[in-house]
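For reference, the structure discussed in these notes is given below.
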Amino acid sequence: MKLTAILCAIAALSLGLLAITYFSREDISPMETTLILYDGPATMASSDLAHIWVQGQPLFVYEAMVNHEHIWNANTIPSRAPFVYFDFEGMVTVEIELPQGMETAKILPSAHGITPDIQNGRAGFAISEPGFYTLIPNNDPQLAVHIFANPLETDVPDRDDPNVIFIEPGHWEIDQILLESGQTLYISGGAVLNTVVVADTIANVTIRGRGIICGYGYPAWNQPGARARVPIDIRHSRNIVAEGFILINSNAWVFNSYNSQNLTASNIKIISGRQNGDGFTFQSCINHTVTDSFVRTWDDSLVIKNYAGPSRDITFERIQIWTDLAQAMEIGYETNRGRRTDPEISHITFRDIQVLYANHKPVISIHNSDNAHVHNILWENITVDHAYMRGDHGHNNELIEFHMLKTHWSTVADEWGSISDIVIDGLVVHNTLHGTVPASNFWGHSSDYLLANVTMSNIYILGKPITTLEELNANVNEYAVGIVIR
């Protein structure tokens with residue numbers, strides 16, 4: 001039913017946000033919609049890559065660096081991708097117009113089931129659920145537009161609380177924010193914060209808000225005289241909560257946790273477009289959970305490694321992934337960087353993951369390059385809209401790869417580990433690069449160091465059920481045992 005928009009409230013203009021309530025007089029049970037918009041910083045101009053409206057209100061369009069080349073090239077000049085964000089509850093209509101014009105458009109992930117209506121070159125569609133919506137115009141992912149539709153924010157912290165670092169709307173440059181135990185860092189919607197946030201040997205901290213942490217202006221970490229500046233850098237800490245904010249233009253890793261315990265992250269949006277721009281990268285962490293987030297990266301999107309002690313009890317759930325370079329969901333290569341006794345990576349879960357584009361290396365991978373025991377790993381309900389892996393000059397472009405091998409990332413050169421008890425339950429691939437089933441590799445090292453007990457089920461590629469290893473186009477060596485597909 002067509003909504004009649006009635007402007008009911010405009011609040012907190014000095015904070016750069018606009019609160020609008022809409023309702024329908026025509027519906028027997030009126031649907032109320034609340035929409036929160038945020039002004040961009042006065043020092044920045046809205047991007048010319050797209051014009052975007054929600055409920056007829058123009059949005060400030062930001063840009064993030066991305067890698068359209070899908071190759072490792074230290075001299076690559078990053079491309080740009082536009083994105084917007086807002087908060088809402090109810091139902092809203094989003095409209096998008098591009099300078100190039102628009103003849104066709106689709107919304108990803110395909111699971112949304114949304115077909116935009118295009119009139120006079122402008123695409124429009126309605127949404128009723130918070131989440132992440134990516135418009136692909138003219139079947140060209142290089143023109144992609146990302147829409148981050150947040151739920152309404154609740155329990156905004158008190159800016160006068162001495163334990164709260166409250167970042168107001170606007171453009172801020174701060175060399176570093178070093179958090180202390182018990183603190184909350186709040187980044188207001190409408191804020192763009194050039195900084196790095198460090199939690200080192202602390203406990204009970206929260207990082208939240210609707211604003212942006214940006215690494216623009218920091219040279220790439222591998223340039224002469226530069227250093228890695230990780231936007232969210234958690235070390236030796238526990239009881240961390242992260243929620244709601246956006247991370248763009250990092251000059252290295254994006255959201256790092258090292259040797260830490262008890263982290264929950266939700267509704268985090270990541271877009272990285274420079275070398276080693278891993279999304280969520282956890283080393284030797286215990287009891288970490290990431291949910292309802294968006295990750296577009298130049299390098300691995302979700303990655304687990306061992307740099308100190310063990311990694312275990314880590315869950316990624318309801319995540320959207322777009323990998324421009326490297327791997328979507330990776331364990332390894334570094335599985336015992338710290339040379340610990342009896343290294344272990346276990347009880348890692350990837351559940352309800354939607355891969356919009358996998359453009360380079362495997363979607364699902366375990367690379368045990370050291371001597372760890374990697375076991376009890378679960379991938380459940382994974383959907384891949386575009387499995388376009390191009391690899392490195394035709395190599396390492398598999399859909400699934402479980403492998404024990406020594407590489408330049410290896411730390412323990414003279415010992416081997418194992419991979420065992422792996423489950424893939426539910427893998428759907430809608431499109432592939434050549435319209436065929438990509439290869440998958442399952443390789444153990446020797447009779448003493450096996451890849452063992454991999455169970456796969458409910459796999460569909462290009463609309464067809466996959467029930468045999470031959471149909472999966474799987475390469476299985478003699479040291480991979482118990483590799484079963486049902």
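As shown in the structure tokens, the chain order sets the letters A, B, ...; within each chain, residues go from 1, and ligands are also counted from 1 in the order they appear.
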TODO: Would you please extract all strand (DSSP E) residues from region 320-402 of chain A, as assigned by DSSP on the backbone, and give them as an MDAnalysis selection string?
DONE: chainID A and resid 320:325 329:333 344:358 364:368 373:384 400:402
Task: Residues near region 247-261 of chain A, cut-off 7 Å, only C-alpha atoms, skip fewer than 3 positions along chain, as number ranges by chain - done: A: 64-65, 212-216, 218-221, 228-239, 269-288, 308
Task: Nearby residues (only C-alpha atoms) at most 12 Å from Ala111 (chain A), same-chain spacing under 6 positions excluded, as a ChimeraX atom specification - done: /A:132-134,320,352-356,382-385,428,430
Task: Computed interatomic separation between CA of Ser181 (chain A) and CA of Val205 (chain A) (Å) - done: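 Between these atoms lies a distance of 6.0 Å.
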Task: Counting only C-alpha atoms, the residue of A:Ser420, A:Thr467, A:Thr206, A:Thr436 that sits nearest Gly482 (chain A) - done: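 Under the stated criterion, the closest residue is A:Ser420.
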Using only C-alpha atoms, find each residue of region 341-410 of chain A with at least one atom at most 8 Å away from an atom of region 421-427 of chain A; report its shortest atom-to-atom pair and that distance in Å (one decimal), sort the rows by chain and rising residue number, and return the result as a Markdown table.
| residue | atom | partner | partner_atom | distance |
| --- | --- | --- | --- | --- |
| A:His375 | CA | A:Asp421 | CA | 5.4 |
| A:Asn376 | CA | A:Asp421 | CA | 5.0 |
| A:Ile377 | CA | A:Ile422 | CA | 5.0 |
| A:Leu378 | CA | A:Val423 | CA | 4.9 |
| A:Trp379 | CA | A:Ile424 | CA | 4.7 |
| A:Glu380 | CA | A:Asp425 | CA | 4.8 |
| A:Asn381 | CA | A:Gly426 | CA | 4.4 |
| A:Ile382 | CA | A:Leu427 | CA | 4.8 |
| A:Thr383 | CA | A:Leu427 | CA | 5.8 |
| A:Val384 | CA | A:Leu427 | CA | 7.7 |
I need the chosen residues saved as a compact mmCIF listing (two decimals), in the first residue's frame, with C-alpha atoms.
# COMPACT_ATOMS: atom_id res chain seq x y z
CA HIS A 375 40.07 -29.55 14.17
CA ASN A 376 36.33 -29.23 14.75
CA ILE A 377 35.71 -26.53 12.17
CA LEU A 378 32.18 -25.92 10.85
CA TRP A 379 30.87 -24.10 7.79
CA GLU A 380 27.07 -24.05 7.84
CA ASN A 381 24.62 -22.46 5.41
CA ILE A 382 27.06 -20.66 3.12
CA THR A 383 25.70 -18.92 0.02
CA VAL A 384 27.97 -17.59 -2.74
Open item on the list: If we count only C-alpha atoms and set the cut-off at 12 Å, which residues sit around Thr104 (chain A), ignoring sequence neighbours fewer than 4 positions away in its own chain? Please answer as a list in words.
Closed with: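 The contact residues come out as Glu97, Leu98, Gln100, Thr115, Pro116, Asp117, Ile118, Gln119, Asn120, Gly121, Arg122, Ala123, Gly124, Leu135, Ile136, Pro137, Asn138, Asn139, Asp140 and Leu143 of chain A.
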- [ ] Name all residues at most 7 Å from Val84 (chain A) (count only C-alpha atoms; drop same-chain ones fewer than 5 positions away) and give them as a VMD selection string.
- [x] chain A and resid 59 to 62 146 to 148
TODO: Pick out the residues sitting within 6 Å of Asn441 (chain A), and hand them over as a PyMOL selection string; count only C-alpha atoms, and ignore anything fewer than 6 positions along from it in its own chain.
DONE: chain A and resi 401+474-475
Task: CA of His373 (chain A) to CA of Pro438 (chain A), straight-line distance in Å - done: 27.6 Å
TODO: Provide the CA of Thr264 (chain A) to CA of Ser369 (chain A) distance in Å, to one decimal place.
DONE: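 Taking CA of Thr264 (chain A) as the start and CA of Ser369 (chain A) as the end point, the length is 28.2 Å.
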Task: Shortest interatomic distance to His70 (chain A) - which of A:Asp48, A:Glu168, A:Val198, A:Gln142, counting only C-alpha atoms - done: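 Counting only C-alpha atoms, the residue closest to His70 (chain A) is A:Gln142.
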